[in-house]
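First up is the structure itself, then whatever we jot down about it.
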Amino acid sequence: QIQLVESGGGLVQAGGSLTLTCAASGPSFNRYAFGWFRQAPGKEREFVALITRNGGSTSYANSVQGRFTLSKNNDRRMVFLAMKNLKPEDTAVYYCAARQTILTASPTTAADDYRSWGQGTQVTVSP
């Protein structure tokens, strides 16, 4: 079972940038697709971005499209979420998640489809 640890969160002013890192340990990193989700206080956990197992395709929530970029480095066993032009409404705990898939699996934005989760990292954007 893959284990995930997020880092890179913090406090930033609106318009600023942060890059979140998800470090994976355990077997078969290359067999996993990854997603990022976030949860703001009093709100449901929501999909942010995903990247397919081979890294060839990414997908983003409308609210972050054009501002967030997701990438993965198989050699370093890491997934990166680069965030720019941050807004106060981006304030949340951000979670990295992984799902073991076959190469032809369709991407999914459903949190329930991801079996492995990190502990989360707080991102706070001040006005």
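Ordering of the structure tokens sets the chain letters (A, B, ...); residue numbers start at 1 within each chain; ligands are numbered from 1 in the order shown.
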
Q: Fewer than 6 positions away in the same chain doesn't count, so skip those; otherwise give me all residues within 12 Å of region 15-23 of chain A, counting only C-alpha atoms, as a PyMOL selection string.
A: chain A and resi 2-9+29+34-37+67-91+93-98+116-127

Residues of region 28-86 of chain A within 6 Å of region 99-107 of chain A: nearest atom pair and distance (Å, one decimal) for each, counting only C-alpha atoms, sorted by chain and number, as a tab-separated table?
```
residue	atom	partner	partner_atom	distance
A:Arg31	CA	A:Gln100	CA	5.6
A:Tyr32	CA	A:Gln100	CA	4.3
A:Ala33	CA	A:Arg99	CA	5.4
```

Please produce an output containing N, CA, C and O atoms for each residue in the selection, written as a PDB file, in the first residue's frame.
```pdb
ATOM      1  N   ARG A  31       2.204   2.610 -10.855  1.00  0.00           N
ATOM      2  CA  ARG A  31       0.895   2.005 -11.084  1.00  0.00           C
ATOM      3  C   ARG A  31      -0.250   2.868 -10.560  1.00  0.00           C
ATOM      4  O   ARG A  31      -1.410   2.454 -10.607  1.00  0.00           O
ATOM      5  N   TYR A  32       0.079   4.049 -10.059  1.00  0.00           N
ATOM      6  CA  TYR A  32      -0.933   4.879  -9.410  1.00  0.00           C
ATOM      7  C   TYR A  32      -1.233   6.153 -10.198  1.00  0.00           C
ATOM      8  O   TYR A  32      -0.332   6.800 -10.738  1.00  0.00           O
ATOM      9  N   ALA A  33      -2.520   6.480 -10.226  1.00  0.00           N
ATOM     10  CA  ALA A  33      -2.955   7.813 -10.610  1.00  0.00           C
ATOM     11  C   ALA A  33      -3.127   8.626  -9.331  1.00  0.00           C
ATOM     12  O   ALA A  33      -3.373   8.064  -8.255  1.00  0.00           O
TER      13      ALA A  33
END
```

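Considering only C-alpha atoms, the residue among A:Ala24, A:Val12, A:Ala110, A:Gln1 positioned nearest to Val48 (chain A) is A:Ala110.
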
Q: List every residue of region 17-108 of chain A that DSSP, applied to the backbone of this structure, assigns to strand (DSSP E or B), and report them as number ranges by chain.
A: A: 18-25, 32-39, 46-51, 58-60, 68-73, 78-83, 92-100

Q | Counting only C-alpha atoms, the option among A:Thr109, A:Ser59, A:Gln13, A:Ser28 closest to Phe47 (chain A) | A | A:Thr109

Q.
I'd like the interatomic distance between CA of Ala14 (chain A) and CA of Val64 (chain A), to a tenth of an Å.
A.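 Spanning CA of Ala14 (chain A) to CA of Val64 (chain A) is a straight-line distance of 14.0 Å.
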
Q: Grab the CA of Ser57 (chain A) to CA of Pro27 (chain A) distance for me, in Å with one decimal place.
A: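 A separation of 22.3 Å between them.
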
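For the pair CA of Thr108 (chain A) and CA of Leu11 (chain A), the interatomic distance is 29.6 Å.
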
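Checking A:Asn62, A:Ala92, A:Gly55, A:Ser25 one by one against Lys43 (chain A), counting only C-alpha atoms, you find the shortest gap at A:Ala92.
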
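Residues in contact with Thr58 (chain A) at up to 8 Å, not including ones fewer than 6 positions away on its chain and judged by only C-alpha atoms, are Ala49, Leu50, Ile51, Thr52 and Leu70 of chain A.
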
Print the selection's residues with N, CA and C atoms to a file, as an mmCIF file, in the first residue's frame.
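Result saved to again.cif:
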```cif
data_model
loop_
_atom_site.group_PDB
_atom_site.id
_atom_site.type_symbol
_atom_site.label_atom_id
_atom_site.label_comp_id
_atom_site.auth_asym_id
_atom_site.auth_seq_id
_atom_site.Cartn_x
_atom_site.Cartn_y
_atom_site.Cartn_z
ATOM 1 N N ALA A 49 -7.611 18.551 -8.645
ATOM 2 C CA ALA A 49 -6.862 18.195 -9.858
ATOM 3 C C ALA A 49 -6.515 16.717 -9.833
ATOM 4 N N LEU A 50 -6.263 16.154 -11.017
ATOM 5 C CA LEU A 50 -5.827 14.772 -11.087
ATOM 6 C C LEU A 50 -4.806 14.620 -12.207
ATOM 7 N N ILE A 51 -4.018 13.566 -12.083
ATOM 8 C CA ILE A 51 -3.068 13.210 -13.126
ATOM 9 C C ILE A 51 -3.123 11.704 -13.306
ATOM 10 N N THR A 52 -3.119 11.274 -14.551
ATOM 11 C CA THR A 52 -3.244 9.853 -14.828
ATOM 12 C C THR A 52 -1.958 9.108 -14.483
ATOM 13 N N LEU A 70 -0.591 20.473 -12.203
ATOM 14 C CA LEU A 70 -0.247 19.221 -11.536
ATOM 15 C C LEU A 70 0.768 18.454 -12.376
#
```
